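Dumped input_8.tsv below, it's TSV, C-alpha atoms:
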chain	number	residue	atom	x	y	z
A	1	MET	CA	6.03	-13.53	-13.63
A	2	LYS	CA	5.60	-10.32	-15.60
A	3	LEU	CA	4.41	-7.25	-13.70
A	4	ASP	CA	1.03	-6.25	-15.12
A	5	THR	CA	0.86	-2.56	-14.27
A	6	GLU	CA	-2.41	-2.15	-16.19
A	7	THR	CA	-4.14	-4.50	-13.75
A	8	VAL	CA	-2.64	-2.63	-10.79
A	9	HIS	CA	-3.77	0.72	-12.14
A	10	ARG	CA	-7.25	-0.62	-12.96
A	11	TYR	CA	-7.76	-1.77	-9.36
A	12	ILE	CA	-6.35	1.45	-7.91
A	13	SER	CA	-8.41	3.63	-10.25
A	14	GLY	CA	-11.56	1.70	-9.36
A	15	ASN	CA	-11.55	2.97	-5.77
A	16	PRO	CA	-11.58	6.74	-5.14
A	17	ASN	CA	-9.61	6.44	-1.88
A	18	LEU	CA	-6.97	4.15	-3.38
A	19	LYS	CA	-6.65	6.50	-6.33
A	20	ALA	CA	-6.15	9.46	-3.97
A	21	PHE	CA	-3.64	7.46	-1.87
A	22	TYR	CA	-1.71	6.55	-5.04
A	23	GLN	CA	-1.62	10.17	-6.20
A	24	TYR	CA	-0.36	11.19	-2.76
A	25	TYR	CA	2.31	8.46	-2.92
A	26	LEU	CA	3.48	9.59	-6.36
A	27	GLY	CA	3.58	13.25	-5.33
A	28	ASN	CA	5.30	12.84	-1.97
A	29	CYS	CA	7.36	9.66	-1.80
A	30	LEU	CA	11.10	10.32	-1.98
A	31	SER	CA	12.10	6.71	-2.70
A	32	LEU	CA	10.36	6.12	-6.04
A	33	SER	CA	13.65	5.36	-7.80
A	34	VAL	CA	15.99	4.06	-5.10
A	35	PRO	CA	17.47	0.57	-5.55
A	36	TYR	CA	14.97	-2.19	-4.74
A	37	HIS	CA	12.56	-0.37	-2.36
A	38	ASN	CA	11.17	1.71	-5.22
A	39	MET	CA	7.96	2.21	-7.16
A	40	ARG	CA	8.40	-0.96	-9.23
A	41	HIS	CA	8.79	-3.01	-6.04
A	42	THR	CA	5.66	-1.42	-4.58
A	43	LEU	CA	3.63	-2.02	-7.75
A	44	GLY	CA	4.92	-5.60	-7.82
A	45	MET	CA	3.66	-6.20	-4.30
A	46	ILE	CA	0.27	-4.74	-5.18
A	47	TYR	CA	0.11	-6.92	-8.29
A	48	HIS	CA	0.75	-10.08	-6.26
A	49	ILE	CA	-1.91	-9.06	-3.74
A	50	ILE	CA	-4.37	-8.61	-6.61
A	51	ARG	CA	-3.46	-12.03	-8.02
A	52	ILE	CA	-4.08	-13.69	-4.65
A	53	TYR	CA	-7.37	-11.78	-4.34
A	54	GLU	CA	-8.49	-12.89	-7.82
A	55	GLN	CA	-7.53	-16.50	-7.12
A	56	SER	CA	-9.44	-16.41	-3.83
A	57	ARG	CA	-12.52	-15.01	-5.58
A	58	ASN	CA	-12.34	-17.87	-8.11
A	59	GLY	CA	-11.93	-20.56	-5.44
A	60	LEU	CA	-8.32	-21.24	-6.44
A	61	SER	CA	-6.73	-20.34	-3.12
A	62	ASP	CA	-6.96	-21.47	0.48
A	63	VAL	CA	-6.77	-17.79	1.41
A	64	GLN	CA	-10.12	-15.99	1.14
A	65	LEU	CA	-9.88	-12.23	0.70
A	66	THR	CA	-12.80	-9.83	0.81
A	67	ASP	CA	-13.01	-6.49	-0.98
A	68	ASP	CA	-12.18	-4.81	2.34
A	69	ASP	CA	-9.11	-7.05	2.72
A	70	LEU	CA	-7.97	-6.04	-0.76
A	71	TYR	CA	-8.39	-2.34	0.08
A	72	ILE	CA	-6.36	-2.67	3.28
A	73	LEU	CA	-3.65	-4.78	1.65
A	74	ILE	CA	-3.21	-2.43	-1.31
A	75	THR	CA	-3.03	0.57	1.03
A	76	SER	CA	-0.47	-1.25	3.18
A	77	ALA	CA	1.62	-2.28	0.18
A	78	LEU	CA	1.56	1.25	-1.20
A	79	PHE	CA	3.10	2.69	1.96
A	80	HIS	CA	5.19	-0.22	3.27
A	81	ASP	CA	8.47	1.24	1.94
A	82	TYR	CA	7.40	4.89	1.75
A	83	ASN	CA	10.49	7.15	1.86
A	84	HIS	CA	12.76	4.13	2.36
A	85	SER	CA	16.35	5.18	2.98
A	86	ALA	CA	17.84	2.50	0.70
A	87	GLY	CA	20.21	1.33	3.42
A	88	ARG	CA	21.30	4.70	4.77
A	89	PHE	CA	19.24	4.31	7.95
A	90	SER	CA	17.99	1.48	10.16
A	91	ASP	CA	14.81	-0.52	9.65
A	92	GLN	CA	13.40	1.33	12.64
A	93	VAL	CA	13.79	4.64	10.78
A	94	ASN	CA	12.34	3.15	7.59
A	95	VAL	CA	9.29	1.80	9.46
A	96	ARG	CA	8.79	5.20	11.07
A	97	ASN	CA	8.99	6.86	7.62
A	98	ALA	CA	6.37	4.46	6.26
A	99	LYS	CA	4.07	4.98	9.23
A	100	ASP	CA	4.44	8.76	9.09
A	101	GLY	CA	3.80	8.77	5.34
A	102	LEU	CA	0.64	6.72	5.68
A	103	THR	CA	-0.59	8.87	8.59
A	104	ALA	CA	0.07	12.10	6.64
A	105	CYS	CA	-1.70	10.70	3.57
A	106	LEU	CA	-4.73	9.55	5.53
A	107	THR	CA	-4.94	12.83	7.44
A	108	SER	CA	-4.76	14.75	4.17
A	109	ILE	CA	-7.28	12.64	2.24
A	110	LEU	CA	-9.62	11.40	4.99
A	111	PRO	CA	-9.73	14.21	7.56
A	112	ASP	CA	-11.92	13.50	10.60
A	113	SER	CA	-12.78	10.04	9.33
A	114	ASP	CA	-13.49	6.90	11.36
A	115	LEU	CA	-11.82	4.91	8.57
A	116	ARG	CA	-8.66	7.01	8.90
A	117	ASP	CA	-8.60	6.49	12.67
A	118	GLU	CA	-9.16	2.74	12.30
A	119	ILE	CA	-6.32	2.38	9.77
A	120	ILE	CA	-3.92	4.42	11.92
A	121	LEU	CA	-4.80	2.43	15.05
A	122	THR	CA	-4.29	-0.86	13.19
A	123	CYS	CA	-0.88	0.31	11.96
A	124	LYS	CA	0.20	1.34	15.45
A	125	LYS	CA	-0.78	-2.05	16.85
A	126	ASN	CA	1.10	-3.93	14.14
A	127	ILE	CA	4.21	-1.78	14.26
A	128	GLU	CA	4.50	-1.87	18.05
A	129	SER	CA	4.03	-5.65	18.29
This structure in structure tokens:
Amino acid sequence: MKLDTETVHRYISGNPNLKAFYQYYLGNCLSLSVPYHNMRHTLGMIYHIIRIYEQSRNGLSDVQLTDDDLYILITSALFHDYNHSAGRFSDQVNVRNAKDGLTACLTSILPDSDLRDEIILTCKKNIES
């Protein structure tokens, strides 16, 4: 399946927070061009999330995603390999980099926000389990 970056950018640009998160990612992520865990991989994940979302909205999927689900999944995909070491360090270090990157982004873009706190708390629960 061909990666449709126009669709990805249309969805990201349609939400002010996602657009700000994406700009933060582009300006701060050190692994944009490493082998595999790079920007193309991240955009590919976002594209597949969008496809599943669109299929669910059209009744073509057993999975039903809401607009909020899409927002959370795109944010998660954007930061899931943030500052990935490309094999130089353990998965534990890479997960910590991703978590720290997302936390720094949210703190920068959504200071003193309940949404920021909810996203960070959700990440901590999922990473520690």
### Task
Check the smallest atom-to-atom distance from each of A:Ile109, A:Ala86, A:Leu3, A:Leu115 to Phe21 of chain A using all atoms listed in the file, then report the winner.
A:Ile109
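Nearest to Asp4 of chain A of all the residues A:Leu106, A:Ile119, A:Ile50, A:Ala77 is A:Ile50, based on all atoms listed in the file.
Taking atom CA of Gly101 of chain A as the reference point, atom CA of Cys29 of chain A is found at 8.0 Å.
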### Task
List the neighbours of Ile72 of chain A out to 12 Å using all atoms listed in the file; skip same-chain residues closer than 5 positions along the sequence, and give me the result as a ChimeraX atom specification.
/A:12,15,17-18,21,46,49-50,53,65-67,77-80,102,115-116,118-120,122-123
#### Entry: From A:Ser13, A:Gln55, A:Lys19, A:Tyr24, residue lying nearest Ser108 of chain A [all atoms listed in the file]
A:Tyr24
N, CA and C atoms modelled onto segment 68-85 of chain A, as a compact mmCIF listing (two decimals), keeping the file's coordinate frame:
# COMPACT_ATOMS: atom_id res chain seq x y z
N ASP A 68 -12.80 -5.62 1.29
CA ASP A 68 -12.18 -4.81 2.34
C ASP A 68 -10.73 -5.24 2.58
N ASP A 69 -10.47 -6.55 2.57
CA ASP A 69 -9.11 -7.05 2.72
C ASP A 69 -8.22 -6.50 1.60
N LEU A 70 -8.74 -6.53 0.38
CA LEU A 70 -7.97 -6.04 -0.76
C LEU A 70 -7.63 -4.56 -0.57
N TYR A 71 -8.59 -3.77 -0.16
CA TYR A 71 -8.39 -2.34 0.08
C TYR A 71 -7.28 -2.10 1.10
N ILE A 72 -7.36 -2.82 2.21
CA ILE A 72 -6.36 -2.67 3.28
C ILE A 72 -4.99 -3.13 2.81
N LEU A 73 -4.94 -4.26 2.11
CA LEU A 73 -3.65 -4.78 1.65
C LEU A 73 -3.00 -3.88 0.60
N ILE A 74 -3.79 -3.34 -0.31
CA ILE A 74 -3.21 -2.43 -1.31
C ILE A 74 -2.71 -1.17 -0.63
N THR A 75 -3.48 -0.62 0.30
CA THR A 75 -3.03 0.57 1.03
C THR A 75 -1.74 0.28 1.79
N SER A 76 -1.67 -0.87 2.44
CA SER A 76 -0.47 -1.25 3.18
C SER A 76 0.73 -1.40 2.25
N ALA A 77 0.52 -2.07 1.13
CA ALA A 77 1.62 -2.28 0.18
C ALA A 77 2.11 -0.95 -0.38
N LEU A 78 1.19 -0.05 -0.64
CA LEU A 78 1.56 1.25 -1.20
C LEU A 78 2.50 2.02 -0.28
N PHE A 79 2.30 1.90 1.02
CA PHE A 79 3.10 2.69 1.96
C PHE A 79 4.16 1.89 2.71
N HIS A 80 4.30 0.60 2.44
CA HIS A 80 5.19 -0.22 3.27
C HIS A 80 6.66 0.20 3.18
N ASP A 81 7.09 0.76 2.07
CA ASP A 81 8.47 1.24 1.94
C ASP A 81 8.52 2.74 1.61
N TYR A 82 7.50 3.46 2.02
CA TYR A 82 7.40 4.89 1.75
C TYR A 82 8.63 5.61 2.33
N ASN A 83 9.28 6.40 1.49
CA ASN A 83 10.49 7.15 1.86
C ASN A 83 11.58 6.26 2.46
N HIS A 84 11.72 5.07 1.90
CA HIS A 84 12.76 4.13 2.36
C HIS A 84 14.14 4.75 2.12
N SER A 85 15.03 4.55 3.05
CA SER A 85 16.35 5.18 2.98
C SER A 85 17.35 4.44 2.09
